[in-house]
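Asker: The following block contains the structure, expressed as structure tokens.
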Amino acid sequence: MRRLEIIGVEGLGEIGPGDPLGRLVVEACARHGVTLLDGDVLVLAQKIVSKSEGRAVDLGTVKPSGEASRLSAELDGKDPRLLELILGESRRIVAKGRSTIVVETHHGFVCANAGIDLSNIGVERALLLPRDPDGSARRIREEVQELTGTAVGVLITDTFGRPWRLGTTDVAIGVAGFGPLIDYRGGKDPYGYELKASVTAVADQIASAAELVMGKTDQVPAAIVRGCEVPQGDGSARELIRPAEDDLFRGGR
């Protein structure tokens, strides 16, 4: 019988700039009698990664541009300082309406507010996404391996909304130590039908599974996913982004 185990990593404490996340996770696991194993996937919420990398911004230091002020008037008075940060983190505006703005970030992610978070960071403060989430994941993986001798995969996750469906779910924005996609194309199902379009976003599946134990307000910002088969190699979350030429909603074929 196949089995998947998800272990919440508790007791990391409040994360500040410069804090070594790999070491903190290893120490928390040791306190709780959890041993990291080769093949485990360590899942970390974007929020603690951004905090450790000093990506928090005091909104009082942000001066809105004319464009941000115009958008604020258009979006039901949305904080123009927040909009200024969103514009700075974005390649383009994808959609906007009421008080919502969806953009494409410099990473290539399409999400609301450029992934900027205002919760659990303090009054009048905003938290930006890591500049290079894949690089962050690689550094944490190397730190864990140096401390434990264990080869784990690392995922950094964030919460995204979904077109046509209510509710949010966590997805992978940073990957290290394995491939984020499983490509079944060219294989055959049990009835002999050749699979032509089956590509599974295993990194996103792991991210959403880990969210079940991490929660939003439970202060469990990390989890270990054990027993999940993932592609070998060192992938990137950018592989999960659909190329523009294949995107029907951007005029692709």
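For the structure tokens, the naming scheme is as follows: chains receive sequential letters (A, B, ...) according to their order of presentation, residues are indexed from 1 within each chain, and ligands are indexed from 1 in presentation order.
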Counting only C-alpha atoms, which residues of region 78-133 of chain A fall within 9 Å of region 173-190 of chain A, and what is the closest atom pair for each with its distance in Å at one decimal, ordered by chain and rising number, as CSV?

Answerer:
residue,atom,partner,partner_atom,distance
A:His107,CA,A:Ile173,CA,9.0
A:Phe109,CA,A:Ile173,CA,8.1
A:Asp132,CA,A:Gly174,CA,7.9
A:Pro133,CA,A:Gly174,CA,4.4

Asker: Taking 5 positions as the minimum chain separation for residues in the same chain, which residues sit within 10 Å of Ser119 (chain A) when counting only C-alpha atoms? Answer as a PyMOL selection string.

Answerer: chain A and resi 47+125-127+216-217

Asker: Could you please write out, as a PyMOL selection string, every residue of region 55-173 of chain A that DSSP assigns to helix (DSSP H, G or I)?

Answerer: chain A and resi 59-61+66-74+80-88+113-115+133-148

Asker: Would you export the selected residues with N, CA and C atoms as a compact mmCIF listing (two decimals), in the first residue's frame, please?

Answerer:
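Result file is again_27.txt:
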# COMPACT_ATOMS: atom_id res chain seq x y z
N LEU A 59 5.74 50.59 5.03
CA LEU A 59 4.91 51.35 4.08
C LEU A 59 5.09 52.86 4.26
N GLY A 60 5.48 53.29 5.45
CA GLY A 60 5.68 54.71 5.67
C GLY A 60 6.83 55.29 4.86
N THR A 61 7.70 54.45 4.35
CA THR A 61 8.84 54.91 3.55
C THR A 61 8.54 54.92 2.06
N GLY A 66 2.54 58.75 -9.58
CA GLY A 66 1.28 59.16 -10.17
C GLY A 66 0.47 57.98 -10.66
N GLU A 67 1.15 56.98 -11.23
CA GLU A 67 0.44 55.80 -11.71
C GLU A 67 -0.21 55.04 -10.56
N ALA A 68 0.50 54.92 -9.44
CA ALA A 68 -0.06 54.22 -8.28
C ALA A 68 -1.27 54.97 -7.73
N SER A 69 -1.20 56.29 -7.73
CA SER A 69 -2.33 57.09 -7.24
C SER A 69 -3.53 56.96 -8.16
N ARG A 70 -3.29 56.92 -9.46
CA ARG A 70 -4.40 56.74 -10.41
C ARG A 70 -5.04 55.37 -10.23
N LEU A 71 -4.23 54.35 -10.05
CA LEU A 71 -4.75 53.00 -9.83
C LEU A 71 -5.56 52.94 -8.53
N SER A 72 -5.10 53.64 -7.51
CA SER A 72 -5.81 53.65 -6.23
C SER A 72 -7.22 54.17 -6.41
N ALA A 73 -7.37 55.25 -7.17
CA ALA A 73 -8.71 55.81 -7.41
C ALA A 73 -9.57 54.83 -8.19
N GLU A 74 -8.94 54.06 -9.08
CA GLU A 74 -9.67 53.10 -9.91
C GLU A 74 -10.05 51.84 -9.13
N PRO A 80 -2.33 53.35 -2.10
CA PRO A 80 -1.42 53.67 -3.19
C PRO A 80 0.03 53.28 -2.90
N ARG A 81 0.39 53.20 -1.62
CA ARG A 81 1.75 52.77 -1.28
C ARG A 81 1.94 51.30 -1.62
N LEU A 82 0.91 50.49 -1.32
CA LEU A 82 0.96 49.08 -1.70
C LEU A 82 1.01 48.94 -3.21
N LEU A 83 0.21 49.74 -3.91
CA LEU A 83 0.20 49.68 -5.37
C LEU A 83 1.56 50.07 -5.95
N GLU A 84 2.23 51.00 -5.32
CA GLU A 84 3.58 51.38 -5.78
C GLU A 84 4.53 50.18 -5.65
N LEU A 85 4.44 49.45 -4.54
CA LEU A 85 5.27 48.26 -4.39
C LEU A 85 4.90 47.20 -5.43
N ILE A 86 3.61 47.02 -5.66
CA ILE A 86 3.15 46.03 -6.65
C ILE A 86 3.71 46.37 -8.03
N LEU A 87 3.63 47.63 -8.42
CA LEU A 87 4.14 48.03 -9.73
C LEU A 87 5.65 47.77 -9.82
N GLY A 88 6.36 48.03 -8.74
CA GLY A 88 7.81 47.80 -8.75
C GLY A 88 8.20 46.35 -8.86
N ASN A 113 -1.62 41.07 -6.42
CA ASN A 113 -0.76 41.94 -5.58
C ASN A 113 0.73 41.61 -5.69
N ALA A 114 1.14 40.96 -6.78
CA ALA A 114 2.56 40.58 -6.97
C ALA A 114 3.06 39.71 -5.82
N GLY A 115 2.13 39.00 -5.17
CA GLY A 115 2.52 38.14 -4.06
C GLY A 115 2.89 38.88 -2.79
N PRO A 133 13.50 32.84 -5.73
CA PRO A 133 13.04 31.73 -4.88
C PRO A 133 13.77 30.41 -5.14
N ASP A 134 14.13 30.13 -6.39
CA ASP A 134 14.90 28.91 -6.66
C ASP A 134 16.26 28.97 -5.98
N GLY A 135 16.90 30.13 -6.06
CA GLY A 135 18.19 30.30 -5.38
C GLY A 135 18.06 30.15 -3.88
N SER A 136 16.98 30.68 -3.32
CA SER A 136 16.74 30.53 -1.88
C SER A 136 16.60 29.06 -1.52
N ALA A 137 15.83 28.32 -2.33
CA ALA A 137 15.63 26.89 -2.07
C ALA A 137 16.96 26.13 -2.13
N ARG A 138 17.80 26.48 -3.10
CA ARG A 138 19.10 25.80 -3.22
C ARG A 138 19.97 26.06 -2.00
N ARG A 139 20.00 27.29 -1.53
CA ARG A 139 20.84 27.61 -0.36
C ARG A 139 20.36 26.87 0.88
N ILE A 140 19.06 26.80 1.08
CA ILE A 140 18.52 26.08 2.24
C ILE A 140 18.83 24.60 2.13
N ARG A 141 18.69 24.04 0.92
CA ARG A 141 19.00 22.62 0.72
C ARG A 141 20.47 22.33 1.03
N GLU A 142 21.35 23.20 0.57
CA GLU A 142 22.78 22.99 0.82
C GLU A 142 23.08 23.08 2.31
N GLU A 143 22.42 23.98 3.01
CA GLU A 143 22.64 24.13 4.45
C GLU A 143 22.19 22.88 5.20
N VAL A 144 21.01 22.36 4.82
CA VAL A 144 20.50 21.15 5.47
C VAL A 144 21.44 19.98 5.20
N GLN A 145 21.91 19.86 3.96
CA GLN A 145 22.79 18.74 3.62
C GLN A 145 24.12 18.84 4.36
N GLU A 146 24.62 20.05 4.50
CA GLU A 146 25.89 20.24 5.22
C GLU A 146 25.75 19.86 6.69
N LEU A 147 24.60 20.16 7.28
CA LEU A 147 24.39 19.90 8.70
C LEU A 147 24.04 18.44 9.00
N THR A 148 23.35 17.79 8.07
CA THR A 148 22.83 16.45 8.35
C THR A 148 23.39 15.36 7.45

Asker: Residues near Ala207 (chain A), anyone? I mean within 7 Å using only C-alpha atoms, not counting same-chain ones fewer than 5 positions away, as a ChimeraX atom specification.

Answerer: /A:43,157,170-172

Asker: Go ahead and dump the residues you just picked, C-alpha atoms, as a tab-separated table (two decimals), in the first residue's frame.

Answerer:
chain	number	residue	atom	x	y	z
A	43	VAL	CA	8.40	22.67	2.32
A	157	THR	CA	5.46	27.93	-1.45
A	170	ASP	CA	-0.46	26.81	-2.10
A	171	VAL	CA	1.83	26.42	-5.11
A	172	ALA	CA	5.57	26.08	-5.59

Asker: Restricting the calculation to only C-alpha atoms, which member of A:Glu10, A:Glu211, A:Asp204, A:Glu229 is positioned closest to Gly33 (chain A)?

Answerer: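 Nearest candidate to Gly33 (chain A) out of A:Glu10, A:Glu211, A:Asp204, A:Glu229: A:Glu10.
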
Asker: If we count only C-alpha atoms and set the cut-off at 12 Å, which residues sit around Gly227 (chain A), ignoring sequence neighbours fewer than 4 positions away in its own chain? Please answer as a list in words.

Answerer: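 In the requested format, the answer is Met1, Arg2, Arg3, Leu4, Glu5, Ile6, Ile7, Leu37, Asp38, Gly39, Asp40, Val41, Val152 and Ile206 of chain A.
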
Asker: Show me, as a list of chain:residue names, the residues that have an atom within 12 Å of Ala95 (chain A) when counting only C-alpha atoms, minus same-chain residues fewer than 5 positions from it.

Answerer: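 Answer for this query is A:Leu71, A:Leu75, A:Thr100, A:Ile101, A:Val102, A:Val103, A:Glu104, A:Val110, A:Cys111, A:Ala112, A:Asn113, A:Ala114, A:Pro163, A:Phe249.
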
Asker: Next, dump the selected residues to file, keeping only N, CA, C and O atoms, as a PDB file, in the first residue's frame.

Answerer:
ATOM      1  N   LEU A  71      -4.226  54.345 -10.045  1.00  0.00           N
ATOM      2  CA  LEU A  71      -4.755  53.004  -9.829  1.00  0.00           C
ATOM      3  C   LEU A  71      -5.557  52.938  -8.532  1.00  0.00           C
ATOM      4  O   LEU A  71      -6.576  52.257  -8.456  1.00  0.00           O
ATOM      5  N   LEU A  75      -9.267  51.514  -8.099  1.00  0.00           N
ATOM      6  CA  LEU A  75      -9.451  50.259  -7.368  1.00  0.00           C
ATOM      7  C   LEU A  75     -10.000  50.502  -5.960  1.00  0.00           C
ATOM      8  O   LEU A  75      -9.466  49.990  -4.971  1.00  0.00           O
ATOM      9  N   THR A 100      -9.142  44.594  -6.713  1.00  0.00           N
ATOM     10  CA  THR A 100      -8.204  43.514  -7.027  1.00  0.00           C
ATOM     11  C   THR A 100      -7.315  43.897  -8.204  1.00  0.00           C
ATOM     12  O   THR A 100      -7.785  44.450  -9.197  1.00  0.00           O
ATOM     13  N   ILE A 101      -6.035  43.576  -8.081  1.00  0.00           N
ATOM     14  CA  ILE A 101      -5.105  43.752  -9.188  1.00  0.00           C
ATOM     15  C   ILE A 101      -4.274  42.476  -9.327  1.00  0.00           C
ATOM     16  O   ILE A 101      -3.694  41.986  -8.351  1.00  0.00           O
ATOM     17  N   VAL A 102      -4.252  41.917 -10.524  1.00  0.00           N
ATOM     18  CA  VAL A 102      -3.492  40.709 -10.841  1.00  0.00           C
ATOM     19  C   VAL A 102      -2.377  41.108 -11.790  1.00  0.00           C
ATOM     20  O   VAL A 102      -2.625  41.787 -12.796  1.00  0.00           O
ATOM     21  N   VAL A 103      -1.163  40.696 -11.479  1.00  0.00           N
ATOM     22  CA  VAL A 103      -0.008  41.104 -12.275  1.00  0.00           C
ATOM     23  C   VAL A 103       0.861  39.896 -12.610  1.00  0.00           C
ATOM     24  O   VAL A 103       0.711  38.825 -12.040  1.00  0.00           O
ATOM     25  N   GLU A 104       1.764  40.115 -13.549  1.00  0.00           N
ATOM     26  CA  GLU A 104       2.852  39.162 -13.795  1.00  0.00           C
ATOM     27  C   GLU A 104       4.098  39.721 -13.123  1.00  0.00           C
ATOM     28  O   GLU A 104       4.537  40.828 -13.441  1.00  0.00           O
ATOM     29  N   VAL A 110       1.965  34.790 -12.261  1.00  0.00           N
ATOM     30  CA  VAL A 110       0.758  35.599 -12.396  1.00  0.00           C
ATOM     31  C   VAL A 110      -0.053  35.434 -11.117  1.00  0.00           C
ATOM     32  O   VAL A 110      -0.504  34.330 -10.800  1.00  0.00           O
ATOM     33  N   CYS A 111      -0.218  36.523 -10.367  1.00  0.00           N
ATOM     34  CA  CYS A 111      -0.871  36.426  -9.059  1.00  0.00           C
ATOM     35  C   CYS A 111      -1.372  37.790  -8.625  1.00  0.00           C
ATOM     36  O   CYS A 111      -0.997  38.825  -9.193  1.00  0.00           O
ATOM     37  N   ALA A 112      -2.222  37.789  -7.616  1.00  0.00           N
ATOM     38  CA  ALA A 112      -2.740  39.037  -7.067  1.00  0.00           C
ATOM     39  C   ALA A 112      -1.655  39.757  -6.271  1.00  0.00           C
ATOM     40  O   ALA A 112      -0.859  39.128  -5.560  1.00  0.00           O
ATOM     41  N   ASN A 113      -1.620  41.073  -6.417  1.00  0.00           N
ATOM     42  CA  ASN A 113      -0.757  41.938  -5.583  1.00  0.00           C
ATOM     43  C   ASN A 113       0.726  41.609  -5.694  1.00  0.00           C
ATOM     44  O   ASN A 113       1.503  41.926  -4.779  1.00  0.00           O
ATOM     45  N   ALA A 114       1.143  40.964  -6.776  1.00  0.00           N
ATOM     46  CA  ALA A 114       2.557  40.579  -6.965  1.00  0.00           C
ATOM     47  C   ALA A 114       3.060  39.709  -5.825  1.00  0.00           C
ATOM     48  O   ALA A 114       4.258  39.680  -5.540  1.00  0.00           O
ATOM     49  N   PRO A 163      -8.149  31.042 -11.458  1.00  0.00           N
ATOM     50  CA  PRO A 163      -9.258  31.457 -12.324  1.00  0.00           C
ATOM     51  C   PRO A 163     -10.360  30.410 -12.330  1.00  0.00           C
ATOM     52  O   PRO A 163     -10.083  29.206 -12.330  1.00  0.00           O
ATOM     53  N   PHE A 249      -4.747  32.238 -23.401  1.00  0.00           N
ATOM     54  CA  PHE A 249      -5.245  33.491 -22.851  1.00  0.00           C
ATOM     55  C   PHE A 249      -4.290  34.651 -23.101  1.00  0.00           C
ATOM     56  O   PHE A 249      -4.575  35.781 -22.746  1.00  0.00           O
TER      57      PHE A 249
END

Asker: If you run DSSP on the backbone, which residues of region 124-246 of chain A are strand (DSSP E or B), as a ChimeraX atom specification?

Answerer: /A:125-127,153-162,165-176,182-183,188,194,199-200,222-226

Asker: Could you write out the selected residues, including C-alpha atoms, as an mmCIF file, in the first residue's frame?

Answerer:
data_model
loop_
_atom_site.group_PDB
_atom_site.id
_atom_site.type_symbol
_atom_site.label_atom_id
_atom_site.label_comp_id
_atom_site.auth_asym_id
_atom_site.auth_seq_id
_atom_site.Cartn_x
_atom_site.Cartn_y
_atom_site.Cartn_z
ATOM 1 C CA ARG A 125 4.534 46.735 6.865
ATOM 2 C CA ALA A 126 4.527 44.681 3.668
ATOM 3 C CA LEU A 127 6.456 41.557 2.722
ATOM 4 C CA GLY A 153 14.334 18.354 -1.831
ATOM 5 C CA VAL A 154 13.255 21.875 -0.912
ATOM 6 C CA LEU A 155 10.088 23.713 -1.926
ATOM 7 C CA ILE A 156 9.191 27.335 -1.239
ATOM 8 C CA THR A 157 5.461 27.929 -1.446
ATOM 9 C CA ASP A 158 3.019 30.789 -1.693
ATOM 10 C CA THR A 159 -0.768 31.030 -1.767
ATOM 11 C CA PHE A 160 -2.367 31.778 -5.134
ATOM 12 C CA GLY A 161 -5.947 32.190 -6.270
ATOM 13 C CA ARG A 162 -7.233 30.282 -9.316
ATOM 14 C CA ARG A 165 -12.548 28.420 -9.005
ATOM 15 C CA LEU A 166 -13.172 29.855 -5.550
ATOM 16 C CA GLY A 167 -10.603 29.547 -2.803
ATOM 17 C CA THR A 168 -6.837 29.625 -2.743
ATOM 18 C CA THR A 169 -4.203 26.921 -2.649
ATOM 19 C CA ASP A 170 -0.459 26.813 -2.098
ATOM 20 C CA VAL A 171 1.828 26.423 -5.107
ATOM 21 C CA ALA A 172 5.573 26.080 -5.587
ATOM 22 C CA ILE A 173 7.503 29.284 -6.309
ATOM 23 C CA GLY A 174 10.965 27.870 -5.537
ATOM 24 C CA VAL A 175 12.341 24.366 -6.131
ATOM 25 C CA ALA A 176 15.649 22.639 -5.417
ATOM 26 C CA ILE A 182 6.319 14.576 -14.228
ATOM 27 C CA ASP A 183 5.872 14.151 -17.986
ATOM 28 C CA LYS A 188 0.462 4.371 -22.386
ATOM 29 C CA GLU A 194 -0.999 6.776 -25.704
ATOM 30 C CA VAL A 199 2.116 16.512 -17.434
ATOM 31 C CA THR A 200 1.696 16.517 -13.652
ATOM 32 C CA ALA A 222 7.418 24.415 7.395
ATOM 33 C CA ALA A 223 6.621 20.775 6.745
ATOM 34 C CA ILE A 224 8.305 17.564 5.656
ATOM 35 C CA VAL A 225 6.600 15.538 2.932
ATOM 36 C CA ARG A 226 7.782 11.928 2.991
#
